[in-house]
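This is input14.txt. It holds compact mmCIF, C-alpha atoms.
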# COMPACT_ATOMS: atom_id res chain seq x y z
CA MET A 1 -54.23 1.94 6.26
CA ARG A 2 -52.08 -0.70 4.58
CA ALA A 3 -48.84 1.24 5.22
CA ARG A 4 -49.78 1.63 8.89
CA PHE A 5 -50.43 -2.08 9.16
CA ILE A 6 -47.10 -2.92 7.52
CA LEU A 7 -45.21 -0.59 9.85
CA SER A 8 -47.05 -2.05 12.81
CA GLU A 9 -46.06 -5.59 11.80
CA VAL A 10 -42.45 -4.51 11.27
CA GLY A 11 -42.36 -2.95 14.75
CA ILE A 12 -43.83 -6.08 16.33
CA GLY A 13 -41.25 -8.22 14.52
CA LEU A 14 -38.39 -6.04 15.73
CA ARG A 15 -39.60 -6.14 19.33
CA ARG A 16 -39.97 -9.91 19.24
CA ASN A 17 -36.48 -10.39 17.80
CA LEU A 18 -34.66 -7.52 19.51
CA THR A 19 -31.54 -9.59 20.26
CA MET A 20 -31.30 -10.86 16.67
CA THR A 21 -31.89 -7.35 15.31
CA PHE A 22 -29.12 -5.94 17.50
CA ALA A 23 -26.75 -8.74 16.43
CA VAL A 24 -27.48 -8.09 12.75
CA VAL A 25 -26.92 -4.34 13.11
CA ILE A 26 -23.59 -4.89 14.91
CA THR A 27 -22.51 -7.48 12.32
CA VAL A 28 -23.29 -5.16 9.42
CA ALA A 29 -21.54 -2.22 11.09
CA ILE A 30 -18.38 -4.25 11.75
CA SER A 31 -18.43 -5.72 8.24
CA LEU A 32 -18.74 -2.34 6.55
CA SER A 33 -16.05 -0.90 8.84
CA LEU A 34 -13.62 -3.68 7.91
CA LEU A 35 -14.41 -3.23 4.23
CA GLY A 36 -13.89 0.53 4.56
CA ILE A 37 -10.53 -0.03 6.27
CA GLY A 38 -9.48 -2.34 3.44
CA LEU A 39 -10.50 0.15 0.74
CA LEU A 40 -8.84 3.02 2.61
CA SER A 41 -5.59 1.08 3.02
CA ASN A 42 -5.64 0.22 -0.68
CA SER A 43 -5.97 3.91 -1.57
CA GLN A 44 -3.29 4.91 0.95
CA VAL A 45 -0.76 2.37 -0.34
CA ARG A 46 -1.30 3.64 -3.89
CA VAL A 47 -0.77 7.25 -2.79
CA MET A 48 2.37 6.32 -0.82
CA LYS A 49 3.80 4.47 -3.82
CA ASP A 50 3.24 7.44 -6.11
CA TYR A 51 4.79 9.79 -3.55
CA TRP A 52 7.92 7.77 -2.72
CA TYR A 53 8.59 6.44 -6.21
CA ASP A 54 8.63 10.02 -7.43
CA LYS A 55 11.46 10.75 -4.96
CA ILE A 56 13.52 7.67 -5.73
CA GLU A 57 17.06 8.26 -6.96
CA VAL A 58 19.76 6.01 -8.38
CA SER A 59 23.12 6.36 -6.63
CA VAL A 60 26.25 5.80 -8.71
CA TYR A 61 29.09 5.45 -6.19
CA LEU A 62 32.57 6.17 -7.52
CA CYS A 63 35.73 4.32 -6.56
CA GLY A 64 37.28 5.49 -3.31
CA SER A 65 40.18 4.51 -1.11
CA LEU A 66 38.17 1.69 0.54
CA SER A 67 36.52 0.32 -2.62
CA ASP A 68 37.30 -3.34 -3.33
CA SER A 69 35.19 -4.07 -6.42
CA PRO A 70 36.98 -5.30 -9.59
CA SER A 71 36.12 -2.07 -11.42
CA CYS A 72 38.14 -0.15 -8.80
CA ALA A 73 41.32 -2.15 -9.29
CA GLY A 74 42.93 0.94 -10.84
CA GLY A 75 42.49 2.90 -7.62
CA VAL A 76 40.54 6.03 -6.78
CA VAL A 77 38.44 7.52 -9.59
CA THR A 78 40.30 10.11 -11.64
CA PRO A 79 38.91 13.56 -12.56
CA GLU A 80 38.76 12.46 -16.21
CA GLN A 81 36.74 9.34 -15.35
CA ARG A 82 34.41 11.37 -13.13
CA LEU A 83 33.73 13.91 -15.88
CA GLU A 84 33.17 11.19 -18.47
CA ILE A 85 30.75 9.34 -16.21
CA GLN A 86 28.79 12.53 -15.52
CA ASN A 87 28.54 13.37 -19.23
CA ASP A 88 27.37 9.87 -20.09
CA LEU A 89 24.75 9.98 -17.32
CA GLU A 90 23.37 13.30 -18.54
CA GLU A 91 23.13 11.97 -22.11
CA LEU A 92 20.93 9.02 -21.14
CA PRO A 93 17.32 9.67 -22.31
CA VAL A 94 15.87 8.09 -19.13
CA VAL A 95 17.74 10.53 -16.85
CA GLU A 96 16.01 13.68 -15.63
CA THR A 97 18.68 15.26 -13.40
CA VAL A 98 22.20 14.41 -12.21
CA TYR A 99 23.65 15.75 -8.96
CA TYR A 100 27.29 15.26 -7.96
CA GLU A 101 28.00 14.69 -4.26
CA SER A 102 31.62 15.12 -3.18
CA GLN A 103 33.27 13.38 -0.26
CA SER A 104 32.94 16.48 1.94
CA GLU A 105 29.22 16.79 1.13
CA ALA A 106 28.73 13.08 1.80
CA PHE A 107 30.53 13.50 5.13
CA GLU A 108 28.30 16.45 6.10
CA ARG A 109 25.19 14.47 5.27
CA PHE A 110 26.53 11.46 7.20
CA GLN A 111 27.26 13.61 10.26
CA GLU A 112 23.80 15.14 10.14
CA ARG A 113 22.07 11.77 9.84
CA PHE A 114 24.13 10.02 12.54
CA LYS A 115 24.90 12.98 14.79
CA ASP A 116 23.63 11.17 17.87
CA SER A 117 25.47 7.94 17.11
CA ALA A 118 28.96 6.94 18.24
CA ILE A 119 29.80 5.79 14.72
CA SER A 120 29.90 9.40 13.52
CA GLN A 121 33.04 9.96 15.63
CA ASN A 122 34.97 7.18 13.86
CA VAL A 123 34.33 8.12 10.22
CA THR A 124 36.33 10.64 8.20
CA ALA A 125 35.51 12.33 4.91
CA ASN A 126 38.15 10.28 3.06
CA GLN A 127 36.34 7.06 3.95
CA LEU A 128 33.12 8.08 2.21
CA PRO A 129 32.86 7.75 -1.59
CA GLU A 130 31.92 10.37 -4.12
CA SER A 131 28.68 9.70 -5.94
CA PHE A 132 26.19 10.88 -8.53
CA ARG A 133 22.55 11.15 -7.44
CA VAL A 134 20.49 10.39 -10.53
CA LYS A 135 16.77 11.11 -10.76
CA LEU A 136 15.04 9.12 -13.50
CA LYS A 137 12.05 10.20 -15.57
CA ASP A 138 10.63 6.73 -14.93
CA PRO A 139 11.91 5.01 -11.74
CA THR A 140 11.27 1.59 -13.28
CA GLN A 141 14.05 2.21 -15.84
CA PHE A 142 16.81 1.58 -13.31
CA ALA A 143 18.14 -1.34 -15.37
CA VAL A 144 19.18 1.07 -18.12
CA VAL A 145 21.55 2.92 -15.77
CA GLN A 146 22.73 -0.27 -14.10
CA SER A 147 23.64 -2.00 -17.36
CA ALA A 148 25.45 1.11 -18.64
CA PHE A 149 27.59 1.81 -15.56
CA SER A 150 27.95 -1.37 -13.48
CA GLY A 151 31.51 -2.66 -13.77
CA ARG A 152 32.71 0.45 -15.52
CA PRO A 153 36.18 1.71 -14.49
CA GLY A 154 35.81 4.36 -11.82
CA VAL A 155 32.34 3.12 -10.72
CA ASP A 156 32.19 1.11 -7.49
CA VAL A 157 28.49 0.22 -7.33
CA VAL A 158 25.16 1.35 -8.78
CA GLN A 159 22.39 1.31 -6.17
CA ASP A 160 18.67 1.69 -6.72
CA GLN A 161 16.73 3.09 -3.76
CA ARG A 162 13.60 1.40 -5.06
CA SER A 163 14.94 -1.99 -3.94
CA ILE A 164 14.87 -0.69 -0.35
CA LEU A 165 11.26 0.43 -0.61
CA GLU A 166 10.06 -2.69 -2.44
CA LYS A 167 10.26 -4.84 0.72
CA PHE A 168 8.29 -2.25 2.68
CA PHE A 169 5.59 -1.94 0.01
CA ARG A 170 5.45 -5.73 -0.35
CA LEU A 171 4.55 -5.92 3.35
CA LEU A 172 1.97 -3.14 2.92
CA ASN A 173 0.43 -5.00 -0.03
CA VAL A 174 0.05 -8.15 2.07
CA LEU A 175 -1.65 -6.18 4.87
CA ARG A 176 -3.86 -4.39 2.34
CA ASP A 177 -4.94 -7.63 0.64
CA GLY A 178 -5.63 -9.21 4.03
CA ALA A 179 -7.78 -6.26 5.12
CA LEU A 180 -9.73 -6.36 1.84
CA ALA A 181 -10.25 -10.12 2.08
CA ILE A 182 -11.50 -9.89 5.67
CA GLY A 183 -13.77 -6.95 4.74
CA PHE A 184 -15.37 -8.72 1.77
CA ALA A 185 -15.72 -11.96 3.75
CA SER A 186 -17.42 -10.08 6.59
CA VAL A 187 -19.84 -8.35 4.20
CA LEU A 188 -20.65 -11.70 2.56
CA THR A 189 -21.25 -13.28 5.97
CA ALA A 190 -23.55 -10.42 6.97
CA ALA A 191 -25.45 -10.76 3.69
CA LEU A 192 -25.91 -14.52 4.23
CA LEU A 193 -27.20 -13.75 7.72
CA ILE A 194 -29.61 -10.99 6.67
CA ILE A 195 -31.06 -12.19 3.36
CA PRO A 196 -32.74 -15.43 4.62
CA GLY A 197 -34.26 -13.50 7.53
CA MET A 198 -35.56 -10.81 5.21
CA MET A 199 -37.07 -13.39 2.88
CA PHE A 200 -38.77 -15.18 5.78
CA GLY A 201 -40.00 -11.89 7.21
CA TRP A 202 -41.39 -10.81 3.84
CA HIS A 203 -43.13 -14.17 3.53
CA LEU A 204 -44.78 -13.75 6.95
CA LEU A 205 -45.74 -10.17 6.11
CA THR A 206 -47.41 -11.38 2.91
CA CYS A 207 -49.31 -13.95 4.92
CA SER A 208 -50.37 -11.27 7.42
CA LEU A 209 -51.70 -9.11 4.60
CA LEU A 210 -53.62 -12.10 3.31
CA VAL A 211 -55.27 -12.55 6.72
CA TRP A 212 -55.96 -8.82 7.02
CA ARG A 213 -57.77 -8.87 3.72
CA SER A 214 -59.70 -12.12 4.10
CA HIS A 215 -59.87 -12.54 7.91
CA ARG A 216 -59.26 -16.25 7.42
CA TRP A 217 -56.74 -17.59 10.00
CA PRO A 218 -56.59 -21.07 8.47
CA GLN A 219 -55.24 -19.45 5.31
CA PHE A 220 -52.52 -17.73 7.37
CA LEU A 221 -51.50 -20.99 9.00
CA LEU A 222 -51.37 -22.69 5.60
CA CYS A 223 -49.32 -19.80 4.14
CA ALA A 224 -46.92 -19.61 7.07
CA SER A 225 -46.32 -23.36 7.00
CA THR A 226 -45.11 -23.13 3.38
Let me see whether you can do it: turn the structure in this file into structure tokens.
Amino acid sequence: MRARFILSEVGIGLRRNLTMTFAVVITVAISLSLLGIGLLSNSQVRVMKDYWYDKIEVSVYLCGSLSDSPSCAGGVVTPEQRLEIQNDLEELPVVETVYYESQSEAFERFQERFKDSAISQNVTANQLPESFRVKLKDPTQFAVVQSAFSGRPGVDVVQDQRSILEKFFRLLNVLRDGALAIGFASVLTAALLIIPGMMFGWHLLTCSLLVWRSHRWPQFLLCAST
């Protein structure tokens, strides 16, 4: 009997405040959706970082005919310098694999990447430098390779691909943090909207139960006024 009465009072309350009930439901749905988007973006950014950082390589470009760095003042890298650089790279404990890319291989890769661009018609194999593609056991240890080979005779420049991705992931982190902040703020706003109404409704329900038990309306008016 009591449960039926409670359900009846709840139904009456919902019918009387149908607009407010609809607004609360929509607010909660939007808030949880925004929070879910924020949590999903956080997970996706973490997965993308793990995926791309695992594929990051360090490129050690050797001196070519167009190199103008001080370490290339002696001219194009010699076979002895190339072999010495490769051996030293392979001996570094932070290095996992070392792959040598010749000028012809670099030219083939350049032509494949820019096959639909006019620039591919104006570049020859002699203009592209030789390089070593170095995969590190830990991509954050780039400084070890950079300090060991930057400025070394025969080495033009040491480039870390991670620096290219850092700007992209920095933007993703800003978007992720913004989505999380909006989601949590929306949930907090919905909670501040719902909790006072629930407390007031529970108070009125308690008063209704008091009337149902005692059949004294003055008591209900006194209870509701408090």
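Taking atom CA of Leu180 of chain A as the reference point, atom CA of Arg46 of chain A is found at 14.3 Å.
Relative to atom CA of Thr124 of chain A, atom CA of Gln161 of chain A is found at 24.2 Å.
What separates atom CA of Leu92 of chain A from atom CA of Thr140 of chain A is a distance of 14.5 Å.
For Gln86 of chain A, the set of protein, DNA and RNA residues having any atom at most 9 Å away, when counting only C-alpha atoms and skipping those fewer than 5 positions along the same chain, is Gln81, Glu91, Val98, Tyr99, Tyr100 and Phe132 of chain A.
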*Can you tell me, as a VMD selection string, what residues are no more than 10 Å from segment 142-145 of chain A when counting all atoms listed in the file, ignoring any on the same chain fewer than 3 positions away?*
chain A and resid 57 to 60 89 92 to 95 134 to 136 138 to 139 148 to 150 158 to 162
*Given the choices A:Ser33, A:Gly183, A:Ser117, A:Val45, which gets closest to Leu171 of chain A if the distance is worked out from all atoms listed in the file?*
A:Val45
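Near Leu188 of chain A, within 10 Å and counting all atoms listed in the file, sit A:Val28, A:Ser31, A:Ile182, A:Gly183, A:Leu193, A:Ile194; same-chain residues fewer than 5 positions away were not included.
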*Tell me, as a list in words, which residues lie within 12 Å of Phe107 of chain A, counting only C-alpha atoms; anything in the same chain fewer than 2 positions away does not count.*
Glu101, Ser102, Gln103, Ser104, Glu105, Arg109, Phe110, Gln111, Glu112, Arg113, Phe114, Lys115, Ser120, Gln121, Asn122, Val123, Thr124, Ala125, Asn126, Gln127, Leu128, Pro129, Glu130 and Ser131 of chain A
_A:Ala23, A:Ile30, A:Leu35, A:Val47 ranked by distance to Ala181 of chain A, top pick (using all atoms listed in the file)_ = A:Leu35
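Take the candidates A:Gln141, A:Ala190, A:Gly74, A:Cys63 and check each one against Glu96 of chain A using only C-alpha atoms; the shortest distance goes to A:Gln141.
Restricting the calculation to all atoms listed in the file, the smallest distance between Gly154 of chain A and any of A:Ser65, A:Thr78, A:Ser41, A:Thr27 is found for A:Thr78.
Using only C-alpha atoms, the shortest contact distance between Phe168 of chain A and any of A:Met48, A:Leu66, A:Ala73, A:Val187 is found at A:Met48.
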